[in-house]
There are 4 protein chains.
Amino acid sequence: MNIALIGYGFMGRAHSNAFLQAPRFFETRIRPRLKVVCGRDRARVDQMAAQWGWEETASDWRAVIDRKDIDLVDIAAPNHLHAEIAIAAAQAGKMVLCEKPLANSAEDAERMVEAARPVRNGVWFNYRRVPAVAQARQWIKEGRLGRVFHYRGQYLQGWGIDPTRRPGWKLNRAEAGSGVIGDLLSHSLDLALFLNGPIADLQAWSASFVPGREVEDAAAVMARFQNGSLGTFEATRFATGYQNRNAFEIHGDKGMIGFDLEDMTRLRFFDATAPVDEQGIRNVPVAAPQFWKPGHAIGYEHTFIAAFADFLKAVETGERFRPDFEDGLEVQRLVDRVLVSAR
Amino acid sequence: MNIALIGYGFMGRAHSNAFLQAPRFFETRIRPRLKVVCGRDRARVDQMAAQWGWEETASDWRAVIDRKDIDLVDIAAPNHLHAEIAIAAAQAGKMVLCEKPLANSAEDAERMVEAARPVRNGVWFNYRRVPAVAQARQWIKEGRLGRVFHYRGQYLQGWGIDPTRRPGWKLNRAEAGSGVIGDLLSHSLDLALFLNGPIADLQAWSASFVPGREVEDAAAVMARFQNGSLGTFEATRFATGYQNRNAFEIHGDKGMIGFDLEDMTRLRFFDATAPVDEQGIRNVPVAAPQFWKPGHAIGYEHTFIAAFADFLKAVETGERFRPDFEDGLEVQRLVDRVLVSAR
Amino acid sequence: MNIALIGYGFMGRAHSNAFLQAPRFFETRIRPRLKVVCGRDRARVDQMAAQWGWEETASDWRAVIDRKDIDLVDIAAPNHLHAEIAIAAAQAGKMVLCEKPLANSAEDAERMVEAARPVRNGVWFNYRRVPAVAQARQWIKEGRLGRVFHYRGQYLQGWGIDPTRRPGWKLNRAEAGSGVIGDLLSHSLDLALFLNGPIADLQAWSASFVPGREVEDAAAVMARFQNGSLGTFEATRFATGYQNRNAFEIHGDKGMIGFDLEDMTRLRFFDATAPVDEQGIRNVPVAAPQFWKPGHAIGYEHTFIAAFADFLKAVETGERFRPDFEDGLEVQRLVDRVLVSAR
Amino acid sequence: MNIALIGYGFMGRAHSNAFLQAPRFFETRIRPRLKVVCGRDRARVDQMAAQWGWEETASDWRAVIDRKDIDLVDIAAPNHLHAEIAIAAAQAGKMVLCEKPLANSAEDAERMVEAARPVRNGVWFNYRRVPAVAQARQWIKEGRLGRVFHYRGQYLQGWGIDPTRRPGWKLNRAEAGSGVIGDLLSHSLDLALFLNGPIADLQAWSASFVPGREVEDAAAVMARFQNGSLGTFEATRFATGYQNRNAFEIHGDKGMIGFDLEDMTRLRFFDATAPVDEQGIRNVPVAAPQFWKPGHAIGYEHTFIAAFADFLKAVETGERFRPDFEDGLEVQRLVDRVLVSAR
């Protein structure tokens, strides 16, 4: 499987690592090959290739897509380029993986879904593949929470208050599409759909704390899920004290589950069916046996490795890979509703 | 100071204890005297008197208020009685203390404020007097958080899911006025006003999870404070796993403060002005030197003791006691706005 | 029950409070009466009497013991006075309660046990009466831990490093008998005996960090329990960061229990018999229903109240009160062995 | 740099991963090449080679060492083979890396140090390279703890109670040399030497909980460090509830530092020089910028990657690599003293 990577930033590194590491930890007959990395800044692309073992570099993504020897196009470029690249790649018959958010509008995302129908595709909502999150999903499907009353999603970062931090394209509306809503809230919404099902109704507010900022710095959302539960969401880059608190809590009549990315090797679990005097929120260490033995932590990068291993397995078995563009579109539709409501 | 207590339930016990204990721990020249406890259930009133040392019992609160030897009327009866009793007591020239929420409508609360203007009065928003909360307020006034971006209030209980739990008047709309909004959210709103100032705008949703329930089981609120910060609130009796999580987090550009009543002897504090490599959320044990030495925990009842000690001091010095009926009215106005928005 | 209190310091306050509060929260036909408080510093004794409602004051404890109207003598004087006062009181036929450690030597403690045989007696190892500790004991008796492998006791305080702290009699060998071994380790040893049974063998080291200090600042102990488990203990006043960490962990083949006085409303519990994927250390909030509803914390003082309520009940029922002087003697024997081993 | 790996178990995987990943995350001109993996179980060695990209396999480690094209011999075989292989490899002029404990006796370790003097060598005490541990060391060197009073080391695992667990060579005295003392306590002792300097005196107990077990299941140690601090250590495989709690706490007059491998991305830090009302134990997230951005966790494997990157850097710069065989010998001497004292 010859891979072309479009983009060379932080996400490009995370993806490159996943391509290299997935076959180490997961059984697969496919041998991913890091064929070509593509980007406009020649020096940085060269460095990327040297560091991560990409065989070739390129600067024109269209030319890369036209290559016959490329099987998979992986998109780690800024958000506003996702749609165009993904559609072109799909039309060229390539498999496509795309960073989240899938697009800068539901309209674009719909076009992407259409174009990618004939090809295998996926969106990097990597947090579904935290072992603790996967276990939460499994437990919920098994009914361990019973009827759900509350879903509480938070994505709290604090770097927004740092005036020395270089903004980059994430603060540029034309490129990023939105601020925390596309960047952080989209992760929370994806996890909510994954864990608690469709959202029937929502209402949102956003806030900007820095004059002249093009995109929103924070957002709050109230939601009603189709299963009757009440949801709240909060996403911000101004939550001093938190670096990357991607957290959720789900309360049902049989129990509660909580997760926080800053403590990603554990689930918080409350079993309301246990004897009353033994009830308490427990920290359940969640094993990641494909990687290391219990008690030996994995980290951020392993979510990408595991997601890509899923993708390889889907290619081998012919089953649908999740999350795919359709999942990405569902999130995008919610993102759009949030943006409209917040205005 | 001869006290008459109207009510004999859980709150009546908490108040009785405060009347007895305040002079043990705080210096005061006033000797509170537990003169008469009043309620309709003769047996329970008698037991209350025996257990807590009330000198007399009574069943007609109007007669109690008419007594010349009563200085202070303390109201721990169901919500719908607050206004009538408080107004009568104030008109009889008594000092009045009233459980929260102050009333079942802002209209009633306004009448109470008017009637109580000539007399010393207070409302039992006791959580202001958790030492950790008082310290948070002090720090905020000193500017240790800087400009505030986010205020997050939660009041999460889980007893709603217990079908064996006897409902009591708190689930009866006529008596309680509302469900979690008056009962729990009112505490969160009071703390928000206390810590972060006035709320300019809000939007709310509520939910009922039990068919036939008269009052709401849960509520979510988005708010904008006058200081520009974005607020979120959540109150529920269906948060399995939590017993009494009355919590807040406040993020400013200089730091963060967090509190949780389930861990009431501590503040969580993040100092964004510390050297970067030493930054982290710390658990600051907050001393309560009037009670015991550092490291010797106080509990729930001490919030009432300290609040009543404040009241005694205000009586001695002639200064205004806070929170008083005007504070209670501010909360009630927000409660009404939440109820309207949630409909 | 007319009570005479010998001593007026921090412990005298804690005991006075217990005498006053026990009948409020626990059912008893006995009415404790705070008859006389006795001490050498007239001004402080007077203040104590005024603050806590002692009817009389006295300066000669022998005269107090001779009084016919005194039923119970409660000793909260420095350690070196315990034996003499307790023996005299017992010989005068009074009930005796004594602060811990029971004495400054096992020899003294033995004489106290002998003298107090005819009278009802008790020692204030109050931490047995933390609700969480009592629940731990109950669970262990029920076999929820199975066979025990490890017992880990810690009593870590940090005030030793504070040079501005006035030493008081606790740093004086003649009065205190020892340093942390009698003061802190004795608590840990009492809990160990209470929870894990007799200690067969031990080895100890101590340390002094301040030149000229008469008593040890820290101690470490290795122990073998009769049940085959391995024990470790540590007590110190130089554990910067901790105020009052009186903690234990007990590991058995069926589970683990942990407790920390700085988080006294909870037990940490691990159930090794639960399904493997749900195993995790849980924080079990332990209710204290005699006091307040679940979720409403109690604190330090309630351990004394509950212990005294036990004592009242024992008086009423004629059953043995625990911990009594014999329990205190067991601890004292271990303290002596630790002191010998550490030399 | 052509590498030969002797061993193919859990540690062999961790080392292989480090060889592959170090050049991805750290700048180096050296290209490590996974040349040959060697072991007796042909099928497993083949699988190892396939999974991790070893170019060749072998079954005779002597023949491997004789190969001219091998630059580095990495030993991940059972403990009793360390000395023989390492000495032969060093005598053949190879660089040598060896798993811990360095040997099964200080005598063997001394011979290894002698033999390896002419070659670059290292021992895999990988936990020195947890970023949080490295930061603790840095802070201690900078004096942020001041004078140290207490060092508390724990290595607590719980798998010993599981009767279904296959024992493997770690429970075989001839191969493992000892039980938890060589396996777990050696890590704790290495960290203690790294962080708090030499140990002057120690006393130890051990325990076996399973009849017929050849090696000890648990150990407790009291120690005096040369800097005057009092140390305690505990290592066990019977601490139900913990999977891999490799923890330490260090108390000094200026502060406290704590670490736990089960929460490896953070340090607990108490600054005794902060304003009193702000003092509290804080959780400081420790960045690992060579890997990912702050807030993006690393895990167990990264300690090996970082250690090997250090080794590569030492090769490039000619500086001494730490921890090397001499460090391993220091630990081995303590291990021997513990074993003698425990008998």
# chains A, B, ... in the order shown; residues from 1 in each chain; ligands from 1
call {"tool": "residues_around", "arguments": {"residues": "Gln203 (chain C)", "least_positions_apart": "2", "cutoff": "8 Å", "atoms": "only C-alpha atoms", "output": "list in words"}}
result
Asp201, Trp205, Val221, Met222, Ala223, Val338, Ser341 and Ala342 of chain C
call {"tool": "write_last_selection", "arguments": {"atoms": "N, CA, C and O atoms", "output": "short mmCIF file (atom, residue, chain, number, x, y, z; two decimals), in the first residue's frame"}}
result
data_model
loop_
_atom_site.label_atom_id
_atom_site.label_comp_id
_atom_site.auth_asym_id
_atom_site.auth_seq_id
_atom_site.Cartn_x
_atom_site.Cartn_y
_atom_site.Cartn_z
N ASP C 201 6.22 -9.42 65.16
CA ASP C 201 7.62 -9.01 65.18
C ASP C 201 7.76 -7.65 64.51
O ASP C 201 7.00 -7.32 63.61
N TRP C 205 13.47 2.08 62.96
CA TRP C 205 14.49 3.11 62.95
C TRP C 205 13.81 4.44 63.26
O TRP C 205 12.65 4.65 62.90
N VAL C 221 9.10 1.66 60.48
CA VAL C 221 8.94 0.36 61.13
C VAL C 221 8.63 -0.70 60.07
O VAL C 221 7.83 -0.44 59.16
N MET C 222 9.26 -1.86 60.20
CA MET C 222 8.86 -3.05 59.44
C MET C 222 8.25 -4.02 60.45
O MET C 222 8.75 -4.15 61.57
N ALA C 223 7.17 -4.67 60.04
CA ALA C 223 6.48 -5.55 60.99
C ALA C 223 5.97 -6.80 60.29
O ALA C 223 5.70 -6.79 59.09
N VAL C 338 9.02 -0.43 69.64
CA VAL C 338 9.55 0.44 68.58
C VAL C 338 10.67 1.31 69.14
O VAL C 338 11.75 1.45 68.54
N SER C 341 13.75 -0.86 69.68
CA SER C 341 14.35 -1.25 68.41
C SER C 341 15.05 -0.08 67.73
O SER C 341 16.08 -0.23 67.08
N ALA C 342 14.47 1.09 67.88
CA ALA C 342 15.00 2.27 67.18
C ALA C 342 16.28 2.79 67.81
O ALA C 342 17.02 3.56 67.20
#
call {"tool": "residues_around", "arguments": {"residues": "Thr240 (chain D)", "least_positions_apart": "3", "cutoff": "12 Å", "atoms": "only C-alpha atoms", "output": "PyMOL selection string"}}
result
(chain C and resi 145-151+249-258+269-273+279-281) or (chain D and resi 156-162+236-237+243-245)
call {"tool": "write_last_selection", "arguments": {"atoms": "N, CA and C atoms", "output": "CSV table (one decimal), in the first residue's frame"}}
result
chain,number,residue,atom,x,y,z
C,145,LEU,N,-11.5,-8.7,52.0
C,145,LEU,CA,-10.1,-8.6,51.5
C,145,LEU,C,-9.5,-10.0,51.4
C,146,GLY,N,-10.1,-11.0,51.9
C,146,GLY,CA,-9.5,-12.4,51.9
C,146,GLY,C,-8.3,-12.4,52.7
C,147,ARG,N,-7.3,-13.2,52.3
C,147,ARG,CA,-6.1,-13.3,53.0
C,147,ARG,C,-5.3,-12.1,52.8
C,148,VAL,N,-4.8,-11.5,53.9
C,148,VAL,CA,-4.1,-10.2,53.8
C,148,VAL,C,-2.6,-10.5,53.6
C,149,PHE,N,-2.0,-9.7,52.6
C,149,PHE,CA,-0.6,-9.8,52.4
C,149,PHE,C,0.2,-8.6,52.9
C,150,HIS,N,-0.4,-7.4,52.8
C,150,HIS,CA,0.3,-6.2,53.1
C,150,HIS,C,-0.5,-5.2,53.9
C,151,TYR,N,0.1,-4.7,54.9
C,151,TYR,CA,-0.5,-3.6,55.7
C,151,TYR,C,0.5,-2.4,55.7
C,249,GLU,N,-3.1,1.3,53.8
C,249,GLU,CA,-3.5,0.5,52.7
C,249,GLU,C,-3.4,-0.9,53.1
C,250,ILE,N,-4.4,-1.7,52.8
C,250,ILE,CA,-4.3,-3.2,53.1
C,250,ILE,C,-4.6,-3.9,51.9
C,251,HIS,N,-3.7,-4.8,51.5
C,251,HIS,CA,-3.9,-5.6,50.3
C,251,HIS,C,-4.1,-7.1,50.7
C,252,GLY,N,-5.2,-7.6,50.2
C,252,GLY,CA,-5.5,-9.1,50.4
C,252,GLY,C,-5.7,-9.7,49.0
C,253,ASP,N,-5.9,-11.0,49.0
C,253,ASP,CA,-6.1,-11.7,47.7
C,253,ASP,C,-7.5,-11.4,47.1
C,254,LYS,N,-8.4,-10.9,47.9
C,254,LYS,CA,-9.7,-10.5,47.3
C,254,LYS,C,-9.9,-9.1,47.1
C,255,GLY,N,-9.0,-8.2,47.6
C,255,GLY,CA,-9.2,-6.8,47.4
C,255,GLY,C,-8.2,-6.0,48.2
C,256,MET,N,-8.4,-4.7,48.1
C,256,MET,CA,-7.6,-3.7,48.7
C,256,MET,C,-8.5,-2.6,49.3
C,257,ILE,N,-8.1,-2.1,50.5
C,257,ILE,CA,-8.7,-1.0,51.1
C,257,ILE,C,-7.7,0.1,51.4
C,258,GLY,N,-8.0,1.3,51.1
C,258,GLY,CA,-7.1,2.4,51.5
C,258,GLY,C,-7.9,3.5,52.2
C,269,PHE,N,-11.3,1.5,47.5
C,269,PHE,CA,-11.6,0.1,47.6
C,269,PHE,C,-11.4,-0.5,46.2
C,270,PHE,N,-10.7,-1.7,46.2
C,270,PHE,CA,-10.5,-2.4,45.0
C,270,PHE,C,-11.0,-3.8,45.2
C,271,ASP,N,-11.9,-4.2,44.3
C,271,ASP,CA,-12.5,-5.5,44.5
C,271,ASP,C,-11.9,-6.5,43.4
C,272,ALA,N,-11.0,-7.4,43.9
C,272,ALA,CA,-10.3,-8.3,43.0
C,272,ALA,C,-11.2,-9.4,42.5
C,273,THR,N,-12.4,-9.5,43.0
C,273,THR,CA,-13.4,-10.5,42.6
C,273,THR,C,-14.3,-10.0,41.5
C,279,GLN,N,-12.4,-3.9,37.0
C,279,GLN,CA,-11.6,-3.7,38.2
C,279,GLN,C,-10.9,-2.3,38.2
C,280,GLY,N,-11.0,-1.7,39.3
C,280,GLY,CA,-10.3,-0.4,39.5
C,280,GLY,C,-10.5,0.1,40.9
C,281,ILE,N,-9.6,0.9,41.3
C,281,ILE,CA,-9.7,1.5,42.7
C,281,ILE,C,-10.9,2.5,42.7
D,156,LEU,N,5.0,-1.4,43.5
D,156,LEU,CA,3.9,-2.2,43.9
D,156,LEU,C,3.1,-2.8,42.6
D,157,GLN,N,3.2,-4.1,42.5
D,157,GLN,CA,2.4,-4.8,41.5
D,157,GLN,C,1.4,-5.7,42.2
D,158,GLY,N,0.4,-6.2,41.4
D,158,GLY,CA,-0.6,-7.1,42.0
D,158,GLY,C,-0.7,-8.4,41.4
D,159,TRP,N,0.1,-8.7,40.3
D,159,TRP,CA,-0.2,-9.9,39.6
D,159,TRP,C,0.2,-11.2,40.3
D,160,GLY,N,0.9,-11.1,41.4
D,160,GLY,CA,1.3,-12.3,42.1
D,160,GLY,C,0.1,-13.1,42.6
D,161,ILE,N,-1.0,-12.4,42.9
D,161,ILE,CA,-2.2,-13.1,43.4
D,161,ILE,C,-2.9,-14.0,42.4
D,162,ASP,N,-2.6,-13.7,41.1
D,162,ASP,CA,-3.3,-14.4,40.1
D,162,ASP,C,-2.8,-15.8,39.9
D,236,THR,N,6.7,-5.3,45.8
D,236,THR,CA,5.9,-6.5,46.0
D,236,THR,C,5.1,-6.8,44.7
D,237,ARG,N,4.7,-8.1,44.5
D,237,ARG,CA,3.8,-8.5,43.5
D,237,ARG,C,2.5,-8.9,44.0
D,243,GLN,N,-1.2,-2.1,39.4
D,243,GLN,CA,-0.6,-2.8,38.3
D,243,GLN,C,0.9,-2.6,38.2
D,244,ASN,N,1.3,-1.3,38.3
D,244,ASN,CA,2.7,-1.0,38.0
D,244,ASN,C,3.0,0.3,38.8
D,245,ARG,N,2.8,0.3,40.1
D,245,ARG,CA,3.0,1.6,40.8
D,245,ARG,C,4.4,1.7,41.2
call {"tool": "interface_residues", "arguments": {"of": "chain A", "to": "chain D", "cutoff": "9 Å", "atoms": "only C-alpha atoms", "output": "number ranges by chain"}}
result
A: 10, 14, 17, 21, 23-27, 50-53, 157, 242-245, 261-265, 285, 292-301
call {"tool": "select_by_dssp", "arguments": {"residues": "region 163-324 of chain A", "states": "strand (DSSP E)", "output": "VMD selection string"}}
result
chain A and resid 199 to 207 218 to 225 230 to 236 245 to 252 255 to 260 266 to 271 281 to 285
call {"tool": "atom_distance", "arguments": {"atom1": "CA of Glu214 (chain D)", "atom2": "CA of Glu84 (chain D)"}}
result
23.0 Å
